[in-house]
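One file, query-v3.cif, carrying mmCIF, C-alpha atoms and all ligand atoms; chains and numbers go by the auth columns:
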```cif
data_query
#
loop_
_atom_site.group_PDB
_atom_site.id
_atom_site.type_symbol
_atom_site.label_atom_id
_atom_site.label_comp_id
_atom_site.label_asym_id
_atom_site.label_seq_id
_atom_site.Cartn_x
_atom_site.Cartn_y
_atom_site.Cartn_z
_atom_site.B_iso_or_equiv
_atom_site.auth_seq_id
_atom_site.auth_asym_id
ATOM 1 C CA MET A 1 4.659 22.217 34.169 0.00 1 T
ATOM 2 C CA GLU A 2 3.501 19.184 32.193 0.00 2 T
ATOM 3 C CA THR A 3 0.369 17.525 33.545 0.00 3 T
ATOM 4 C CA GLY A 4 -1.359 14.276 32.650 0.00 4 T
ATOM 5 C CA ARG A 5 -4.472 16.134 31.491 0.00 5 T
ATOM 6 C CA GLN A 6 -2.416 18.284 29.119 0.00 6 T
ATOM 7 C CA GLY A 7 -0.664 15.165 27.869 0.00 7 T
ATOM 8 C CA THR A 8 -3.912 13.341 27.134 0.00 8 T
ATOM 9 C CA THR A 9 -5.245 16.257 25.062 0.00 9 T
ATOM 10 C CA LEU A 10 -1.945 16.727 23.284 0.00 10 T
ATOM 11 C CA PHE A 11 -1.490 13.025 22.550 0.00 11 T
ATOM 12 C CA THR A 12 -5.037 12.733 21.211 0.00 12 T
ATOM 13 C CA ALA A 13 -4.365 15.543 18.748 0.00 13 T
ATOM 14 C CA ILE A 14 -1.019 14.021 17.748 0.00 14 T
ATOM 15 C CA CYS A 15 -2.585 10.572 17.302 0.00 15 T
ATOM 16 C CA LEU A 16 -5.200 12.087 14.993 0.00 16 T
ATOM 17 C CA LEU A 17 -2.504 13.826 12.981 0.00 17 T
ATOM 18 C CA ILE A 18 -0.406 10.649 12.679 0.00 18 T
ATOM 19 C CA ALA A 19 -3.509 8.671 11.684 0.00 19 T
ATOM 20 C CA LEU A 20 -4.301 11.238 8.995 0.00 20 T
ATOM 21 C CA LEU A 21 -0.775 10.998 7.586 0.00 21 T
ATOM 22 C CA LEU A 22 -1.039 7.204 7.770 0.00 22 T
ATOM 23 C CA ILE A 23 -4.151 7.313 5.577 0.00 23 T
ATOM 24 C CA ILE A 24 -2.220 9.419 3.048 0.00 24 T
ATOM 25 C CA GLN A 25 0.540 6.802 3.166 0.00 25 T
ATOM 26 C CA LEU A 26 -2.027 4.063 2.468 0.00 26 T
ATOM 27 C CA TRP A 27 -3.186 6.024 -0.541 0.00 27 T
ATOM 28 C CA LEU A 28 0.450 6.403 -1.668 0.00 28 T
ATOM 29 C CA ILE A 29 1.162 2.679 -1.385 0.00 29 T
ATOM 30 C CA SER A 30 -1.908 1.806 -3.437 0.00 30 T
ATOM 31 C CA ALA A 31 -0.792 4.335 -6.095 0.00 31 T
ATOM 32 C CA ALA A 32 2.732 2.863 -6.042 0.00 32 T
ATOM 33 C CA LEU A 33 1.351 -0.657 -6.380 0.00 33 T
ATOM 34 C CA ASP A 34 -0.804 0.347 -9.306 0.00 34 T
ATOM 35 C CA ALA A 35 2.133 2.132 -10.945 0.00 35 T
ATOM 36 C CA ALA A 36 4.483 -0.793 -10.394 0.00 36 T
ATOM 37 C CA MET A 37 1.993 -3.134 -12.041 0.00 37 T
ATOM 38 C CA SER A 38 1.799 -0.902 -15.078 0.00 38 T
ATOM 39 C CA ALA A 39 5.566 -0.238 -15.144 0.00 39 T
ATOM 40 C CA GLN A 40 5.364 3.488 -14.443 0.00 40 T
ATOM 41 C CA ALA A 41 8.454 4.102 -12.335 0.00 41 T
ATOM 42 C CA ARG A 42 7.827 7.844 -12.444 0.00 42 T
ATOM 43 C CA VAL A 43 4.912 7.360 -10.026 0.00 43 T
ATOM 44 C CA ALA A 44 6.255 4.590 -7.767 0.00 44 T
ATOM 45 C CA VAL A 45 9.522 6.354 -6.863 0.00 45 T
ATOM 46 C CA PRO A 46 8.031 9.744 -5.843 0.00 46 T
ATOM 47 C CA ALA A 47 5.295 7.894 -3.944 0.00 47 T
ATOM 48 C CA SER A 48 7.873 6.023 -1.875 0.00 48 T
ATOM 49 C CA VAL A 49 9.874 9.213 -1.263 0.00 49 T
ATOM 50 C CA ALA A 50 6.708 10.999 -0.098 0.00 50 T
ATOM 51 C CA SER A 51 5.834 8.059 2.155 0.00 51 T
ATOM 52 C CA LEU A 52 9.305 8.182 3.750 0.00 52 T
ATOM 53 C CA VAL A 53 8.949 11.936 4.345 0.00 53 T
ATOM 54 C CA LEU A 54 5.588 11.393 6.060 0.00 54 T
ATOM 55 C CA PHE A 55 7.119 8.639 8.179 0.00 55 T
ATOM 56 C CA ALA A 56 9.951 10.968 9.219 0.00 56 T
ATOM 57 C CA PHE A 57 7.375 13.585 10.217 0.00 57 T
ATOM 58 C CA ASN A 58 5.478 10.950 12.225 0.00 58 T
ATOM 59 C CA VAL A 59 8.716 9.991 13.997 0.00 59 T
ATOM 60 C CA SER A 60 9.273 13.622 14.938 0.00 60 T
ATOM 61 C CA LEU A 61 5.730 13.787 16.363 0.00 61 T
ATOM 62 C CA LEU A 62 6.348 10.616 18.354 0.00 62 T
ATOM 63 C CA TRP A 63 9.624 12.022 19.587 0.00 63 T
ATOM 64 C CA TYR A 64 7.703 15.037 20.868 0.00 64 T
ATOM 65 C CA VAL A 65 5.240 12.729 22.672 0.00 65 T
ATOM 66 C CA LEU A 66 8.056 10.772 24.336 0.00 66 T
ATOM 67 C CA ASP A 67 9.893 13.957 25.238 0.00 67 T
ATOM 68 C CA PHE A 68 6.747 15.341 26.874 0.00 68 T
ATOM 69 C CA ASP A 69 6.432 12.081 28.806 0.00 69 T
ATOM 70 C CA ARG A 70 10.045 12.299 29.943 0.00 70 T
ATOM 71 C CA ARG A 71 9.647 15.892 31.101 0.00 71 T
ATOM 72 C CA ARG A 72 6.467 15.026 32.956 0.00 72 T
ATOM 73 C CA ARG A 73 8.160 12.165 34.727 0.00 73 T
ATOM 74 C CA ARG A 74 11.004 14.436 35.721 0.00 74 T
ATOM 75 C CA VAL A 75 8.482 16.738 37.426 0.00 75 T
ATOM 76 C CA ASP A 76 6.485 13.876 38.954 0.00 76 T
ATOM 77 C CA PRO A 77 8.553 10.632 39.172 0.00 77 T
ATOM 78 C CA ASP A 78 5.495 8.615 40.244 0.00 78 T
ATOM 79 C CA ALA A 79 3.520 9.495 37.105 0.00 79 T
ATOM 80 C CA MET B 1 -11.719 -0.450 73.505 0.00 80 A
ATOM 81 C CA SER B 2 -11.402 -1.758 69.916 0.00 81 A
ATOM 82 C CA LYS B 3 -8.480 -0.738 67.722 0.00 82 A
ATOM 83 C CA PRO B 4 -9.256 1.959 65.107 0.00 83 A
ATOM 84 C CA LEU B 5 -9.360 0.732 61.452 0.00 84 A
ATOM 85 C CA ASN B 6 -7.117 3.498 60.227 0.00 85 A
ATOM 86 C CA ASP B 7 -3.838 3.861 61.977 0.00 86 A
ATOM 87 C CA GLY B 8 -3.209 7.298 60.467 0.00 87 A
ATOM 88 C CA PRO B 9 -0.597 8.677 58.101 0.00 88 A
ATOM 89 C CA VAL B 10 2.319 6.853 59.711 0.00 89 A
ATOM 90 C CA ALA B 11 0.847 3.392 58.981 0.00 90 A
ATOM 91 C CA ALA B 12 -0.168 4.410 55.435 0.00 91 A
ATOM 92 C CA LYS B 13 3.371 5.458 54.662 0.00 92 A
ATOM 93 C CA ALA B 14 4.680 2.085 55.775 0.00 93 A
ATOM 94 C CA VAL B 15 2.411 0.231 53.285 0.00 94 A
ATOM 95 C CA GLU B 16 3.121 2.495 50.235 0.00 95 A
ATOM 96 C CA PRO B 17 6.229 1.482 48.256 0.00 96 A
ATOM 97 C CA ALA B 18 8.951 4.087 47.938 0.00 97 A
ATOM 98 C CA GLU B 19 8.450 4.456 44.141 0.00 98 A
ATOM 99 C CA THR B 20 5.700 3.274 41.773 0.00 99 A
ATOM 100 C CA PRO B 21 6.955 0.109 40.074 0.00 100 A
ATOM 101 C CA HIS B 22 7.439 0.323 36.307 0.00 101 A
ATOM 102 C CA TRP B 23 4.663 -2.170 35.442 0.00 102 A
ATOM 103 C CA LYS B 24 2.215 -0.180 37.526 0.00 103 A
ATOM 104 C CA ARG B 25 2.970 3.006 35.589 0.00 104 A
ATOM 105 C CA ASP B 26 1.733 1.374 32.383 0.00 105 A
ATOM 106 C CA PHE B 27 -1.445 0.022 34.031 0.00 106 A
ATOM 107 C CA PRO B 28 -2.734 2.939 36.068 0.00 107 A
ATOM 108 C CA ILE B 29 -5.869 2.700 38.182 0.00 108 A
ATOM 109 C CA ARG B 30 -7.209 6.195 37.600 0.00 109 A
ATOM 110 C CA TRP B 31 -9.083 6.736 34.324 0.00 110 A
ATOM 111 C CA GLU B 32 -7.317 9.965 33.559 0.00 111 A
ATOM 112 C CA GLU B 33 -3.917 8.319 33.855 0.00 112 A
ATOM 113 C CA ASP B 34 -5.161 5.379 31.799 0.00 113 A
ATOM 114 C CA HIS B 35 -6.186 7.698 28.946 0.00 114 A
ATOM 115 C CA TYR B 36 -2.757 9.295 29.059 0.00 115 A
ATOM 116 C CA VAL B 37 -0.982 5.933 28.789 0.00 116 A
ATOM 117 C CA THR B 38 -3.233 4.518 26.039 0.00 117 A
ATOM 118 C CA ARG B 39 -2.864 7.667 23.881 0.00 118 A
ATOM 119 C CA ARG B 40 0.904 7.561 24.305 0.00 119 A
ATOM 120 C CA GLU B 41 1.027 3.889 23.310 0.00 120 A
ATOM 121 C CA LEU B 42 -1.339 4.500 20.381 0.00 121 A
ATOM 122 C CA ALA B 43 1.039 7.175 19.056 0.00 122 A
ATOM 123 C CA LYS B 44 3.847 4.581 19.202 0.00 123 A
ATOM 124 C CA PHE B 45 1.852 1.949 17.321 0.00 124 A
ATOM 125 C CA LEU B 46 0.633 4.392 14.692 0.00 125 A
ATOM 126 C CA THR B 47 4.216 5.474 14.027 0.00 126 A
ATOM 127 C CA LEU B 48 5.247 1.835 13.785 0.00 127 A
ATOM 128 C CA GLY B 49 2.479 1.302 11.229 0.00 128 A
ATOM 129 C CA SER B 50 3.611 4.398 9.366 0.00 129 A
ATOM 130 C CA GLY B 51 7.153 2.982 9.170 0.00 130 A
ATOM 131 C CA THR B 52 5.879 -0.366 7.934 0.00 131 A
ATOM 132 C CA ILE B 53 3.850 1.270 5.173 0.00 132 A
ATOM 133 C CA ALA B 54 6.781 3.490 4.142 0.00 133 A
ATOM 134 C CA ALA B 55 9.061 0.428 3.929 0.00 134 A
ATOM 135 C CA ALA B 56 6.425 -1.483 1.949 0.00 135 A
ATOM 136 C CA THR B 57 6.047 1.436 -0.490 0.00 136 A
ATOM 137 C CA VAL B 58 9.800 1.495 -1.101 0.00 137 A
ATOM 138 C CA GLY B 59 9.704 -2.306 -1.536 0.00 138 A
ATOM 139 C CA VAL B 60 6.907 -2.030 -4.093 0.00 139 A
ATOM 140 C CA ALA B 61 8.861 0.583 -6.078 0.00 140 A
ATOM 141 C CA LEU B 62 12.026 -1.554 -6.067 0.00 141 A
ATOM 142 C CA LEU B 63 10.185 -4.772 -6.871 0.00 142 A
ATOM 143 C CA GLY B 64 8.225 -3.116 -9.684 0.00 143 A
ATOM 144 C CA ASP B 65 11.538 -2.022 -11.151 0.00 144 A
ATOM 145 C CA ARG B 66 12.908 -5.558 -11.024 0.00 145 A
ATOM 146 C CA LEU B 67 9.830 -7.286 -12.397 0.00 146 A
ATOM 147 C CA ARG B 68 9.770 -5.046 -15.439 0.00 147 A
ATOM 148 C CA PRO B 69 10.948 -6.955 -18.509 0.00 148 A
ATOM 149 C CA SER B 70 14.160 -5.391 -19.742 0.00 149 A
ATOM 150 C CA GLY B 71 16.351 -5.900 -22.764 0.00 150 A
ATOM 151 C CA PRO B 72 15.400 -7.263 -26.145 0.00 151 A
ATOM 152 C CA MET B 73 13.075 -10.252 -26.259 0.00 152 A
ATOM 153 C CA PRO B 74 13.566 -13.204 -28.580 0.00 153 A
ATOM 154 C CA PRO B 75 11.260 -13.110 -31.624 0.00 154 A
ATOM 155 C CA LEU B 76 8.603 -15.785 -31.772 0.00 155 A
ATOM 156 C CA ARG B 77 6.788 -16.848 -34.935 0.00 156 A
ATOM 157 C CA ILE B 78 3.015 -16.889 -34.489 0.00 157 A
ATOM 158 C CA ASP B 79 1.711 -19.843 -36.454 0.00 158 A
ATOM 159 C CA GLY B 80 -1.547 -19.281 -38.303 0.00 159 A
ATOM 160 C CA ALA B 81 -1.453 -15.464 -38.126 0.00 160 A
ATOM 161 C CA GLU B 82 -1.411 -15.010 -41.908 0.00 161 A
ATOM 162 C CA GLY B 83 -4.548 -17.075 -42.489 0.00 162 A
ATOM 163 C CA LEU B 84 -6.534 -15.340 -39.750 0.00 163 A
ATOM 164 C CA ALA B 85 -9.849 -13.971 -41.039 0.00 164 A
ATOM 165 C CA ARG B 86 -11.053 -10.456 -40.217 0.00 165 A
ATOM 166 C CA GLY B 87 -12.700 -10.297 -36.817 0.00 166 A
ATOM 167 C CA ALA B 88 -11.137 -13.616 -35.775 0.00 167 A
ATOM 168 C CA SER B 89 -8.520 -14.303 -33.100 0.00 168 A
ATOM 169 C CA LEU B 90 -5.997 -16.890 -31.996 0.00 169 A
ATOM 170 C CA LEU B 91 -4.085 -17.602 -28.804 0.00 170 A
ATOM 171 C CA PHE B 92 -0.347 -17.897 -28.362 0.00 171 A
ATOM 172 C CA ARG B 93 2.213 -17.564 -25.557 0.00 172 A
ATOM 173 C CA TYR B 94 4.869 -14.882 -25.379 0.00 173 A
ATOM 174 C CA PRO B 95 7.565 -14.207 -24.160 0.00 174 A
ATOM 175 C CA SER B 96 7.448 -17.399 -22.053 0.00 175 A
ATOM 176 C CA GLU B 97 5.124 -20.392 -21.886 0.00 176 A
ATOM 177 C CA GLU B 98 3.519 -18.782 -18.818 0.00 177 A
ATOM 178 C CA ASP B 99 2.395 -15.640 -20.654 0.00 178 A
ATOM 179 C CA PRO B 100 -0.861 -16.198 -22.568 0.00 179 A
ATOM 180 C CA CYS B 101 -1.537 -13.723 -25.372 0.00 180 A
ATOM 181 C CA ILE B 102 -4.237 -13.110 -27.923 0.00 181 A
ATOM 182 C CA LEU B 103 -3.884 -12.037 -31.546 0.00 182 A
ATOM 183 C CA VAL B 104 -6.820 -10.358 -33.288 0.00 183 A
ATOM 184 C CA ARG B 105 -7.253 -9.424 -36.933 0.00 184 A
ATOM 185 C CA LEU B 106 -9.105 -6.131 -36.914 0.00 185 A
ATOM 186 C CA GLU B 107 -11.759 -5.050 -39.378 0.00 186 A
ATOM 187 C CA ASN B 108 -9.181 -2.941 -41.256 0.00 187 A
ATOM 188 C CA ASP B 109 -7.096 -6.116 -41.794 0.00 188 A
ATOM 189 C CA ARG B 110 -4.411 -5.002 -39.313 0.00 189 A
ATOM 190 C CA LEU B 111 -3.149 -7.395 -36.639 0.00 190 A
ATOM 191 C CA ALA B 112 -3.125 -6.486 -32.954 0.00 191 A
ATOM 192 C CA ALA B 113 -1.851 -8.642 -30.101 0.00 192 A
ATOM 193 C CA TYR B 114 -2.211 -8.232 -26.326 0.00 193 A
ATOM 194 C CA SER B 115 -1.461 -10.079 -23.158 0.00 194 A
ATOM 195 C CA GLN B 116 -4.457 -12.166 -22.236 0.00 195 A
ATOM 196 C CA VAL B 117 -4.078 -11.340 -18.545 0.00 196 A
ATOM 197 C CA CYS B 118 -6.739 -8.842 -17.447 0.00 197 A
ATOM 198 C CA THR B 119 -5.247 -5.805 -15.690 0.00 198 A
ATOM 199 C CA HIS B 120 -7.957 -5.960 -13.029 0.00 199 A
ATOM 200 C CA LEU B 121 -7.484 -9.310 -11.296 0.00 200 A
ATOM 201 C CA SER B 122 -5.651 -11.381 -13.918 0.00 201 A
ATOM 202 C CA CYS B 123 -8.467 -13.412 -15.465 0.00 202 A
ATOM 203 C CA ALA B 124 -7.962 -14.355 -19.134 0.00 203 A
ATOM 204 C CA VAL B 125 -9.620 -11.980 -21.587 0.00 204 A
ATOM 205 C CA VAL B 126 -11.425 -13.520 -24.584 0.00 205 A
ATOM 206 C CA HIS B 127 -12.514 -12.305 -27.996 0.00 206 A
ATOM 207 C CA ARG B 128 -15.872 -13.012 -29.581 0.00 207 A
ATOM 208 C CA PRO B 129 -15.677 -13.358 -33.384 0.00 208 A
ATOM 209 C CA GLY B 130 -16.511 -10.051 -35.046 0.00 209 A
ATOM 210 C CA SER B 131 -16.346 -8.084 -31.769 0.00 210 A
ATOM 211 C CA ARG B 132 -14.263 -4.912 -31.425 0.00 211 A
ATOM 212 C CA GLU B 133 -13.589 -5.643 -27.797 0.00 212 A
ATOM 213 C CA LEU B 134 -11.707 -8.110 -25.658 0.00 213 A
ATOM 214 C CA ASP B 135 -13.983 -9.221 -22.840 0.00 214 A
ATOM 215 C CA CYS B 136 -13.062 -10.304 -19.348 0.00 215 A
ATOM 216 C CA PRO B 137 -15.682 -12.761 -18.093 0.00 216 A
ATOM 217 C CA CYS B 138 -14.782 -12.369 -14.416 0.00 217 A
ATOM 218 C CA HIS B 139 -16.155 -8.862 -13.733 0.00 218 A
ATOM 219 C CA GLU B 140 -17.412 -7.723 -17.126 0.00 219 A
ATOM 220 C CA GLY B 141 -14.297 -5.771 -18.051 0.00 220 A
ATOM 221 C CA HIS B 142 -14.017 -4.711 -21.704 0.00 221 A
ATOM 222 C CA PHE B 143 -10.904 -3.609 -23.605 0.00 222 A
ATOM 223 C CA ASP B 144 -10.664 -1.967 -26.993 0.00 223 A
ATOM 224 C CA CYS B 145 -9.127 -4.227 -29.645 0.00 224 A
ATOM 225 C CA ILE B 146 -7.435 -1.286 -31.371 0.00 225 A
ATOM 226 C CA ASP B 147 -5.259 -0.008 -28.517 0.00 226 A
ATOM 227 C CA GLY B 148 -5.988 -2.330 -25.579 0.00 227 A
ATOM 228 C CA ARG B 149 -7.436 0.472 -23.424 0.00 228 A
ATOM 229 C CA PRO B 150 -10.246 -0.384 -21.013 0.00 229 A
ATOM 230 C CA ASN B 151 -13.660 0.663 -22.346 0.00 230 A
ATOM 231 C CA SER B 152 -15.780 -0.323 -19.383 0.00 231 A
ATOM 232 C CA GLY B 153 -15.803 -2.388 -16.212 0.00 232 A
ATOM 233 C CA PRO B 154 -13.338 -2.420 -13.310 0.00 233 A
ATOM 234 C CA PRO B 155 -9.973 -2.417 -15.189 0.00 234 A
ATOM 235 C CA THR B 156 -8.229 0.971 -15.229 0.00 235 A
ATOM 236 C CA ARG B 157 -5.002 0.071 -17.037 0.00 236 A
ATOM 237 C CA ARG B 158 -4.657 -1.026 -20.618 0.00 237 A
ATOM 238 C CA LEU B 159 -3.580 -4.519 -21.625 0.00 238 A
ATOM 239 C CA PRO B 160 0.143 -4.951 -22.317 0.00 239 A
ATOM 240 C CA ARG B 161 0.603 -4.824 -26.079 0.00 240 A
ATOM 241 C CA ILE B 162 2.641 -7.457 -27.907 0.00 241 A
ATOM 242 C CA LEU B 163 4.816 -5.825 -30.562 0.00 242 A
ATOM 243 C CA LEU B 164 4.513 -7.553 -33.921 0.00 243 A
ATOM 244 C CA ASN B 165 6.743 -7.747 -36.957 0.00 244 A
ATOM 245 C CA GLU B 166 4.975 -8.883 -40.123 0.00 245 A
ATOM 246 C CA THR B 167 7.411 -10.244 -42.712 0.00 246 A
ATOM 247 C CA LEU B 168 7.160 -12.377 -45.825 0.00 247 A
ATOM 248 C CA ASN B 169 8.222 -15.348 -43.716 0.00 248 A
ATOM 249 C CA GLY B 170 5.404 -14.894 -41.239 0.00 249 A
ATOM 250 C CA THR B 171 4.271 -12.811 -38.280 0.00 250 A
ATOM 251 C CA TYR B 172 6.595 -12.543 -35.287 0.00 251 A
ATOM 252 C CA ALA B 173 6.063 -11.345 -31.753 0.00 252 A
ATOM 253 C CA VAL B 174 9.142 -9.234 -30.949 0.00 253 A
ATOM 254 C CA GLY B 175 8.455 -7.501 -27.647 0.00 254 A
ATOM 255 C CA VAL B 176 6.030 -6.425 -24.926 0.00 255 A
ATOM 256 C CA GLU B 177 4.953 -2.843 -24.338 0.00 256 A
ATOM 257 C CA VAL B 178 3.494 -2.475 -20.850 0.00 257 A
HETATM 258 S S1 LIG C . -10.407 -9.770 -13.644 0.00 301 T
HETATM 259 FE FE1 LIG C . -10.979 -8.856 -15.481 0.00 301 T
HETATM 260 S S2 LIG C . -12.527 -7.515 -14.925 0.00 301 T
HETATM 261 FE FE2 LIG C . -11.929 -8.370 -13.064 0.00 301 T
#
```
Let's see the structure in the file written out as structure tokens.
Amino acid sequence: METGRQGTTLFTAICLLIALLLIIQLWLISAALDAAMSAQARVAVPASVASLVLFAFNVSLLWYVLDFDRRRRRVDPDA
Amino acid sequence: MSKPLNDGPVAAKAVEPAETPHWKRDFPIRWEEDHYVTRRELAKFLTLGSGTIAAATVGVALLGDRLRPSGPMPPLRIDGAEGLARGASLLFRYPSEEDPCILVRLENDRLAAYSQVCTHLSCAVVHRPGSRELDCPCHEGHFDCIDGRPNSGPPTRRLPRILLNETLNGTYAVGVEV
């Protein structure tokens, strides 16, 4: 059974993970910007692909969070 | 006898709404519930930020591709290049009037030309007569005159090189190598 306390712990961990991936994405965008300025497409394109992959992973984590929330509400409609 | 303050479970049930309204779910009173809601919302916002950054990265890659000069560039005669003394420099604009460039005659009598726009934050680089470096006065950036690579200071990328064609009729700028 999903409880609020479990959710808080789980969401905190997921938020940390998403934030970590977000920092990697920030690093990727700065690398892409630098590459674009110096006309090195071989860096900018893989950087954007990697950023999209990280975003997709973040979406899957968020989906898990929302699914947990839905399940919890099913158990306790007042939550 | 006075009336009791609490009428018991029957009265309490009459006051409580049948189901917690939606707005109340997102603004809970208990701390534990509040933590739950704020973490959930934070996950949403972080993912939104992640999407924005991913889109911006793709935009940067596409824009960088578009901004890159492509195709052959028209040749431009650089007046005064032939008479340039060793260790001296002159300014010209190529490929458009908005692109300042600098031509230097090196100690070995070869000519080298670069964009004058510093690769750090776009200040104009200058050349001191006799110097082997192009200097950026803004943040003390220094570039090598021979290949345009940064020697010291904040710049990390080399200066775009202007391709030259030296003929009997004069010296021509014929392209840009980023
Ligand atoms: S703009 Fe040239 S060193 Fe900063």
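Within 6 Å of chain T, and using all atoms listed in the file, the residues found on chain A are Thr99, Tyr115, Arg118, Ala122, Thr126, Ser129, Gly130, Ala133, Thr136, Val137, Ala140 and Gly143 of chain A.
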message = Assuming the chain letters and numbering stay as they are in my file, what does the PyMOL selection byres (((not hetatm)) within 12 of (chain T and resi 301)) actually select? List them as JSON, numbers by chain.
response = {"A": [195, 196, 197, 198, 199, 200, 201, 202, 203, 204, 205, 213, 214, 215, 216, 217, 218, 219, 220, 221, 222, 229, 230, 231, 232, 233, 234, 235, 236, 237, 238]}
Please produce an output containing C-alpha atoms for each residue in the selection, written as an mmCIF file, in the coordinates of the input.
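The result, stored in again-v4.cif:
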```cif
data_model
loop_
_atom_site.group_PDB
_atom_site.id
_atom_site.type_symbol
_atom_site.label_atom_id
_atom_site.label_comp_id
_atom_site.auth_asym_id
_atom_site.auth_seq_id
_atom_site.Cartn_x
_atom_site.Cartn_y
_atom_site.Cartn_z
ATOM 1 C CA GLN A 195 -4.457 -12.166 -22.236
ATOM 2 C CA VAL A 196 -4.078 -11.340 -18.545
ATOM 3 C CA CYS A 197 -6.739 -8.842 -17.447
ATOM 4 C CA THR A 198 -5.247 -5.805 -15.690
ATOM 5 C CA HIS A 199 -7.957 -5.960 -13.029
ATOM 6 C CA LEU A 200 -7.484 -9.310 -11.296
ATOM 7 C CA SER A 201 -5.651 -11.381 -13.918
ATOM 8 C CA CYS A 202 -8.467 -13.412 -15.465
ATOM 9 C CA ALA A 203 -7.962 -14.355 -19.134
ATOM 10 C CA VAL A 204 -9.620 -11.980 -21.587
ATOM 11 C CA VAL A 205 -11.425 -13.520 -24.584
ATOM 12 C CA LEU A 213 -11.707 -8.110 -25.658
ATOM 13 C CA ASP A 214 -13.983 -9.221 -22.840
ATOM 14 C CA CYS A 215 -13.062 -10.304 -19.348
ATOM 15 C CA PRO A 216 -15.682 -12.761 -18.093
ATOM 16 C CA CYS A 217 -14.782 -12.369 -14.416
ATOM 17 C CA HIS A 218 -16.155 -8.862 -13.733
ATOM 18 C CA GLU A 219 -17.412 -7.723 -17.126
ATOM 19 C CA GLY A 220 -14.297 -5.771 -18.051
ATOM 20 C CA HIS A 221 -14.017 -4.711 -21.704
ATOM 21 C CA PHE A 222 -10.904 -3.609 -23.605
ATOM 22 C CA PRO A 229 -10.246 -0.384 -21.013
ATOM 23 C CA ASN A 230 -13.660 0.663 -22.346
ATOM 24 C CA SER A 231 -15.780 -0.323 -19.383
ATOM 25 C CA GLY A 232 -15.803 -2.388 -16.212
ATOM 26 C CA PRO A 233 -13.338 -2.420 -13.310
ATOM 27 C CA PRO A 234 -9.973 -2.417 -15.189
ATOM 28 C CA THR A 235 -8.229 0.971 -15.229
ATOM 29 C CA ARG A 236 -5.002 0.071 -17.037
ATOM 30 C CA ARG A 237 -4.657 -1.026 -20.618
ATOM 31 C CA LEU A 238 -3.580 -4.519 -21.625
#
```
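If you look at atom CA of Pro179 of chain A and atom CA of Ala192 of chain A, they are 10.7 Å away from each other.
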message = Could you tell me how far atom CA of Leu125 of chain A sits from atom CA of Arg73 of chain T, in Å to one decimal place?
response =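 Those two atoms sit 22.8 Å apart.
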request  = Could you check which of A:Leu121, A:Leu155, A:Ala164, A:Leu190 is closest to Val253 of chain A, using all atoms listed in the file?
outcome  = A:Leu155
message = Given the point (-10.7, -9.7, -34.2) in the file's coordinates, find the residues that have an atom at most 12 Å from it, counting all atoms listed in the file, and give them as a PyMOL selection string.
response = chain A and resi 160+163-170+181-193+205-214+223-225
ask   = Expressed in Å to a single decimal, how great is the separation between atom CA of Ile132 of chain A and atom CA of Phe106 of chain A?
value =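 Atom-to-atom, atom CA of Ile132 of chain A to atom CA of Phe106 of chain A, that is 29.4 Å.
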Might I get the box with edges along x, y and z of the file that holds all atoms of segment 6-20 of chain T listed there, padded by 3 Å on every side, given as centre and edge lengths in Å to one decimal, as JSON?
```
{"center_x": -2.8, "center_y": 13.5, "center_z": 19.1, "size_x": 10.8, "size_y": 15.6, "size_z": 26.1}
```
message = Evaluate the PyMOL selection byres (((chain A and resi 248) around 12) and not hetatm) against this structure - the residues, as a PyMOL selection string, please.
response = chain A and resi 155-161+244-247+249-251
message = Could you list, as a ChimeraX atom specification, every residue matched by the PyMOL selection byres (((chain A and resi 239) around 8) and not hetatm) in this structure?
response = /A:193-194,227,237-238,240-241,255-257
Can those selected residues be exported to a file as a compact mmCIF listing (two decimals), in the frame of the given file so that it contains C-alpha atoms?
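Full text of out.txt as output:
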```
# COMPACT_ATOMS: atom_id res chain seq x y z
CA TYR A 193 -2.21 -8.23 -26.33
CA SER A 194 -1.46 -10.08 -23.16
CA GLY A 227 -5.99 -2.33 -25.58
CA ARG A 237 -4.66 -1.03 -20.62
CA LEU A 238 -3.58 -4.52 -21.62
CA ARG A 240 0.60 -4.82 -26.08
CA ILE A 241 2.64 -7.46 -27.91
CA VAL A 255 6.03 -6.42 -24.93
CA GLU A 256 4.95 -2.84 -24.34
CA VAL A 257 3.49 -2.48 -20.85
```
